>>> print(open('run_28.txt').read())   # compact mmCIF, C-alpha atoms
# COMPACT_ATOMS: atom_id res chain seq x y z
CA MET Z 38 -25.67 10.14 1.56
CA VAL Z 39 -22.64 8.25 2.89
CA ASP Z 40 -23.01 4.79 4.45
CA ASN Z 41 -21.36 3.71 7.71
CA ASP Z 42 -18.42 2.03 5.97
CA THR Z 43 -17.63 4.90 3.64
CA GLN Z 44 -16.08 8.32 4.11
CA ILE Z 45 -15.45 10.94 1.49
CA VAL Z 46 -11.88 12.12 0.96
CA GLU Z 47 -10.67 15.12 -0.98
CA SER Z 48 -9.55 15.07 -4.60
CA ASN Z 49 -6.69 16.71 -6.46
CA SER Z 50 -7.55 18.42 -9.75
CA SER Z 51 -4.04 18.76 -11.21
CA SER Z 52 -3.34 17.60 -14.74
CA SER Z 53 -1.57 14.45 -13.53
CA ILE Z 54 -3.78 13.50 -10.61
CA GLY Z 55 -7.52 12.95 -10.82
CA LYS Z 56 -10.00 12.36 -8.06
CA LEU Z 57 -8.87 11.01 -4.72
CA SER Z 58 -11.31 8.71 -2.97
CA SER Z 59 -11.50 6.40 0.02
CA ILE Z 60 -13.48 3.64 1.67
CA ILE Z 61 -13.50 3.47 5.46
CA LEU Z 62 -13.28 -0.12 6.68
CA ASP Z 63 -13.67 0.27 10.43
CA ASP Z 64 -10.06 0.78 11.66
CA TYR Z 65 -8.57 0.80 8.16
CA THR Z 66 -9.00 2.96 5.08
CA LEU Z 67 -8.43 2.18 1.43
CA TYR Z 68 -7.35 5.16 -0.67
CA LYS Z 69 -7.54 5.36 -4.44
CA CYS Z 70 -6.00 8.09 -6.55
CA GLU Z 71 -6.61 8.43 -10.28
CA ILE Z 72 -3.43 9.19 -12.24
CA ASN Z 73 -3.01 10.23 -15.85
CA ASN Z 74 -2.33 7.12 -17.95
CA ASN Z 75 0.30 8.90 -20.06
CA LEU Z 76 2.26 9.78 -16.93
CA ILE Z 77 2.22 6.19 -15.69
CA ASN Z 78 3.27 4.94 -19.13
CA ASN Z 79 6.24 7.32 -19.05
CA TYR Z 80 7.64 5.43 -16.07
CA LEU Z 81 6.05 1.98 -16.00
CA GLN Z 82 5.16 0.39 -19.33
CA ASP Z 83 5.10 -3.34 -18.55
CA LYS Z 84 2.16 -5.18 -17.02
CA LEU Z 85 2.73 -7.57 -14.13
CA LEU Z 86 0.92 -10.87 -13.73
CA PRO Z 87 -0.15 -12.22 -10.31
CA PHE Z 88 1.53 -15.35 -8.96
CA GLU Z 89 3.64 -15.64 -12.11
CA ASN Z 90 6.43 -17.55 -10.38
CA VAL Z 91 5.58 -21.25 -10.45
CA SER Z 92 5.54 -22.76 -6.96
CA TRP Z 93 3.19 -24.75 -4.76
CA LYS Z 94 2.81 -21.72 -2.47
CA ASN Z 95 1.75 -19.43 -5.33
CA SER Z 96 -0.60 -22.09 -6.62
CA ILE Z 97 -2.33 -22.22 -3.24
CA LYS Z 98 -2.48 -18.41 -2.99
CA ASN Z 99 -3.91 -18.16 -6.48
CA ASN Z 100 -6.65 -20.65 -5.67
CA VAL Z 101 -7.44 -18.95 -2.36
CA PHE Z 102 -7.65 -15.39 -3.68
CA HIS Z 103 -9.73 -16.44 -6.68
CA SER Z 104 -12.07 -18.60 -4.64
CA LYS Z 105 -15.69 -17.44 -4.55
CA PRO Z 106 -15.84 -16.74 -0.76
CA ILE Z 107 -12.67 -14.61 -0.79
CA LYS Z 108 -13.68 -12.77 -3.96
CA TYR Z 109 -17.12 -12.05 -2.53
CA HIS Z 110 -15.68 -10.80 0.77
CA CYS Z 111 -13.17 -8.46 -0.90
CA ASP Z 112 -15.40 -7.30 -3.74
CA SER Z 113 -18.31 -6.48 -1.44
CA ARG Z 114 -16.10 -4.33 0.81
CA LEU Z 115 -13.88 -2.75 -1.84
CA ASN Z 116 -16.53 -2.18 -4.49
CA ASN Z 117 -15.82 0.96 -6.53
CA ASN Z 118 -19.42 2.02 -5.96
CA ASN Z 119 -18.47 2.58 -2.31
CA LEU Z 120 -15.65 4.98 -3.20
CA LYS Z 121 -16.54 8.57 -2.36
CA GLU Z 122 -14.79 11.83 -3.13
CA LEU Z 123 -14.96 15.34 -1.73
CA SER Z 124 -13.59 18.69 -2.75
CA ASN Z 125 -10.09 19.39 -4.03
CA SER Z 126 -9.00 21.11 -0.81
CA ILE Z 127 -6.18 18.63 -0.16
CA THR Z 128 -3.56 17.29 -2.53
CA PHE Z 129 -2.30 13.74 -2.86
CA GLU Z 130 1.03 14.91 -1.47
CA GLU Z 131 -0.62 16.48 1.58
CA LEU Z 132 -2.60 13.31 2.21
CA LEU Z 133 0.54 11.15 2.23
CA LEU Z 134 2.32 13.66 4.45
CA ASN Z 135 -0.54 13.62 6.96
CA LEU Z 136 -0.78 9.83 6.96
CA LEU Z 137 2.89 8.90 7.03
CA LYS Z 138 4.05 11.53 9.52
CA ASN Z 139 1.25 10.84 11.98
CA GLU Z 140 3.07 10.31 15.29
CA ASN Z 141 0.55 7.66 16.30
CA LYS Z 142 1.32 5.67 13.17
CA LYS Z 143 5.02 6.32 12.63
CA ASN Z 144 6.80 3.47 10.83
CA LEU Z 145 3.51 1.81 9.88
CA ARG Z 146 3.61 0.57 6.32
CA TYR Z 147 1.10 0.79 3.52
CA ASN Z 148 0.66 -1.70 0.71
CA PHE Z 149 0.21 0.04 -2.63
CA VAL Z 150 -0.55 -0.94 -6.21
CA ILE Z 151 -0.11 1.09 -9.38
CA THR Z 152 -2.22 0.17 -12.41
CA GLY Z 153 -2.48 1.86 -15.78
CA ASN Z 154 -4.68 4.65 -14.43
CA TYR Z 155 -4.67 4.72 -10.64
CA LEU Z 156 -2.73 4.14 -7.43
CA SER Z 157 -4.46 2.47 -4.49
CA PHE Z 158 -3.07 1.91 -1.02
CA MET Z 159 -4.05 0.73 2.44
CA GLU Z 160 -2.35 0.34 5.80
CA ILE Z 161 -1.04 -3.19 6.22
CA ALA Z 162 -3.42 -4.87 8.63
CA HIS Z 163 -2.31 -6.77 11.72
CA ARG Z 164 -1.95 -10.47 11.06
CA HIS Z 165 -4.60 -11.55 13.54
CA GLU Z 166 -7.22 -9.41 11.79
CA ILE Z 167 -7.63 -11.81 8.89
CA SER Z 168 -10.59 -9.99 7.33
CA TYR Z 169 -8.63 -6.75 6.87
CA TYR Z 170 -5.40 -8.59 6.15
CA LEU Z 171 -7.07 -10.02 3.04
CA LEU Z 172 -8.34 -6.59 2.02
CA SER Z 173 -4.88 -5.03 2.25
CA LYS Z 174 -3.25 -7.63 -0.01
CA HIS Z 175 -2.00 -6.36 -3.35
CA ILE Z 176 -4.35 -8.51 -5.41
CA SER Z 177 -7.31 -7.05 -3.49
CA LEU Z 178 -6.04 -3.48 -3.85
CA SER Z 179 -5.69 -3.99 -7.60
CA ASP Z 180 -9.22 -5.41 -7.81
CA ARG Z 181 -7.58 -8.28 -9.75
CA SER Z 182 -6.71 -5.87 -12.54
CA ASN Z 183 -4.96 -7.09 -15.69
CA ASP Z 184 -3.06 -3.80 -15.88
CA VAL Z 185 -0.88 -3.78 -12.75
CA ARG Z 186 2.44 -1.95 -13.25
CA PHE Z 187 3.95 -2.05 -9.74
CA ALA Z 188 3.19 -3.24 -6.22
CA GLY Z 189 5.03 -2.74 -2.95
CA GLU Z 190 5.07 -0.86 0.34
CA PHE Z 191 5.70 2.74 1.38
CA TRP Z 192 6.29 4.31 4.80
CA CYS Z 193 8.04 7.09 6.72
CA ASP Z 194 10.91 5.84 8.88
CA GLU Z 195 12.17 7.00 12.28
CA LYS Z 196 14.35 9.64 10.56
CA ASN Z 197 11.30 11.07 8.76
CA LEU Z 198 12.51 9.76 5.41
CA PHE Z 199 9.88 8.61 2.93
CA LYS Z 200 10.64 5.20 1.46
CA LEU Z 201 9.13 2.59 -0.83
CA ASN Z 202 10.05 -0.92 -1.88
CA ASN Z 203 8.93 -3.72 -4.19
CA ASN Z 204 7.74 -6.15 -1.51
CA SER Z 205 4.92 -8.00 -3.24
CA GLY Z 206 4.83 -11.77 -3.34
CA THR Z 207 1.82 -11.56 -5.65
CA TYR Z 208 3.26 -9.43 -8.47
CA THR Z 209 7.02 -9.70 -7.71
CA PRO Z 210 8.13 -6.49 -9.46
CA SER Z 211 11.82 -6.58 -10.27
CA ASN Z 212 14.38 -4.37 -8.55
CA ASP Z 213 14.87 -2.64 -11.91
CA LEU Z 214 11.40 -1.09 -11.59
CA ILE Z 215 12.13 0.57 -8.25
CA GLN Z 216 13.92 3.56 -9.77
CA GLN Z 217 11.10 4.30 -12.23
CA THR Z 218 8.49 3.97 -9.49
CA THR Z 219 10.45 6.26 -7.18
CA GLN Z 220 10.68 8.82 -9.97
CA LEU Z 221 6.92 8.59 -10.48
CA PHE Z 222 6.27 9.12 -6.75
CA ASN Z 223 8.60 12.11 -6.71
CA GLN Z 224 6.83 13.52 -9.75
CA LEU Z 225 3.53 13.26 -7.86
CA THR Z 226 4.92 14.31 -4.45
CA PRO Z 227 8.01 16.48 -5.13
CA GLN Z 228 8.35 17.71 -1.53
CA LEU Z 229 8.52 14.23 0.03
CA HIS Z 230 11.68 13.00 -1.73
CA PHE Z 231 10.86 9.30 -1.73
CA GLN Z 232 13.74 6.81 -1.68
CA GLY Z 233 13.38 3.42 -3.35
CA LEU Z 234 14.81 0.25 -1.80
CA PRO Z 235 14.82 -3.43 -2.80
CA TYR Z 236 12.57 -5.43 -0.51
CA GLN Z 237 15.49 -7.70 0.37
CA ILE Z 238 17.08 -4.94 2.45
CA SER Z 239 13.96 -3.15 3.63
CA LEU Z 240 11.71 -5.86 5.04
CA ARG Z 241 10.14 -5.17 8.41
CA PRO Z 242 11.56 -7.26 11.25
CA SER Z 243 9.42 -10.27 12.10
CA ILE Z 244 6.69 -9.95 14.73
CA LYS Z 245 8.87 -12.01 17.08
CA SER Z 246 11.88 -9.72 16.57
CA ARG Z 247 9.78 -6.58 17.11
CA PHE Z 248 8.32 -8.07 20.30
CA ILE Z 249 11.79 -8.90 21.66
CA THR Z 250 13.08 -5.42 20.81
CA LYS Z 251 10.14 -3.70 22.53
CA THR Z 252 10.48 -5.96 25.58
CA LYS Z 253 14.19 -5.22 25.94
CA ALA Z 254 13.53 -1.49 25.61
CA LYS Z 255 11.18 -1.64 28.60
CA LEU Z 256 13.62 -3.52 30.85
CA PRO Z 257 15.41 -1.37 33.47
CA PHE Z 258 19.10 -0.86 32.86
CA THR Z 259 21.26 -2.96 35.16
CA SER Z 260 24.97 -2.48 35.60
CA THR Z 261 27.29 -5.48 35.47
CA SER Z 262 29.88 -3.83 37.69
>>> encode(input="run_28.txt", output="structure tokens")
Amino acid sequence: MVDNDTQIVESNSSSSIGKLSSIILDDYTLYKCEINNNLINNYLQDKLLPFENVSWKNSIKNNVFHSKPIKYHCDSRLNNNNLKELSNSITFEELLLNLLKNENKKNLRYNFVITGNYLSFMEIAHRHEISYYLLSKHISLSDRSNDVRFAGEFWCDEKNLFKLNNNSGTYTPSNDLIQQTTQLFNQLTPQLHFQGLPYQISLRPSIKSRFITKTKAKLPFTSTS
């Protein structure tokens, strides 16, 4: 029996990809895909530590995300016992294609984390929805794992190109890891042809900038002549 917060998602039974599961969190869904450890080790050997860069901001984040209330909130919603799987009628590649090319969600980004044996990802929540914003953070997606290999974002842009970057303030993967991660994605999803970009040149415009752009697009054209 499936509870109200949980929906079963299909699994892929290939040699590289294990079961594919999900947890429905109202308007958002967390996906988790098991991946062969040897395959991940072929591309990403080093483990990343959270909040490794010493700064007052990281110190605050570390204390917040390891505080008992935040841990309880995230752990109770993202508990592995709530993950459900279905048949193997859809592949990991097909799932990403369906999600990222959805016309209603075009250009929406997903946070993702790769550990030593799985990849988990979730749509980046809107900032005002603090409960889901916390759940979509990389440290929550990794379940505070000690075996994180990469963290960033992926999306499909307006030209239908699949892209990923290393935008994670928690794990700060270096630009050098982008190529290996892109190769891993293209091994898992050969038809999608992912492109890897440094976060410095692929950040989303700020909320203010996006609002101004949308507002200008709605204004009627007026001639200056």
>>> atom_distance(input="run_28.txt", atom1="atom CA of Asn144 of chain Z", atom2="atom CA of Glu166 of chain Z")
19.1 Å
>>> closest_residue(input="run_28.txt", among="Z:Asp184, Z:Asp213, Z:Glu71, Z:Glu195", to="Leu120 of chain Z", atoms="only C-alpha atoms")
Z:Glu71
>>> residues_near_point(input="run_28.txt", point="(-8.4, -3.3, 1.5)", cutoff="12 Å", atoms="all atoms listed in the file", output="ChimeraX atom specification")
/Z:59-69,110-117,120,147-150,157-162,167-180
>>> atom_distance(input="run_28.txt", atom1="atom CA of Asn73 of chain Z", atom2="atom CA of Leu85 of chain Z")
18.8 Å
>>> residues_around(input="run_28.txt", residues="Phe187 of chain Z", least_positions_apart="3", cutoff="12 Å", atoms="all atoms listed in the file", output="PyMOL selection string")
chain Z and resi 77-78+80-87+148-158+175-176+178-179+182-184+190+201-219+221-222
>>> atom_distance(input="run_28.txt", atom1="atom CA of Asp194 of chain Z", atom2="atom CA of Lys142 of chain Z")
10.5 Å
>>> axis_aligned_box(input="run_28.txt", around="segment 190-200 of chain Z", padding_each_side="8 Å", output="JSON")
{"center_x": 9.7, "center_y": 5.1, "center_z": 6.3, "size_x": 25.3, "size_y": 27.9, "size_z": 27.9}
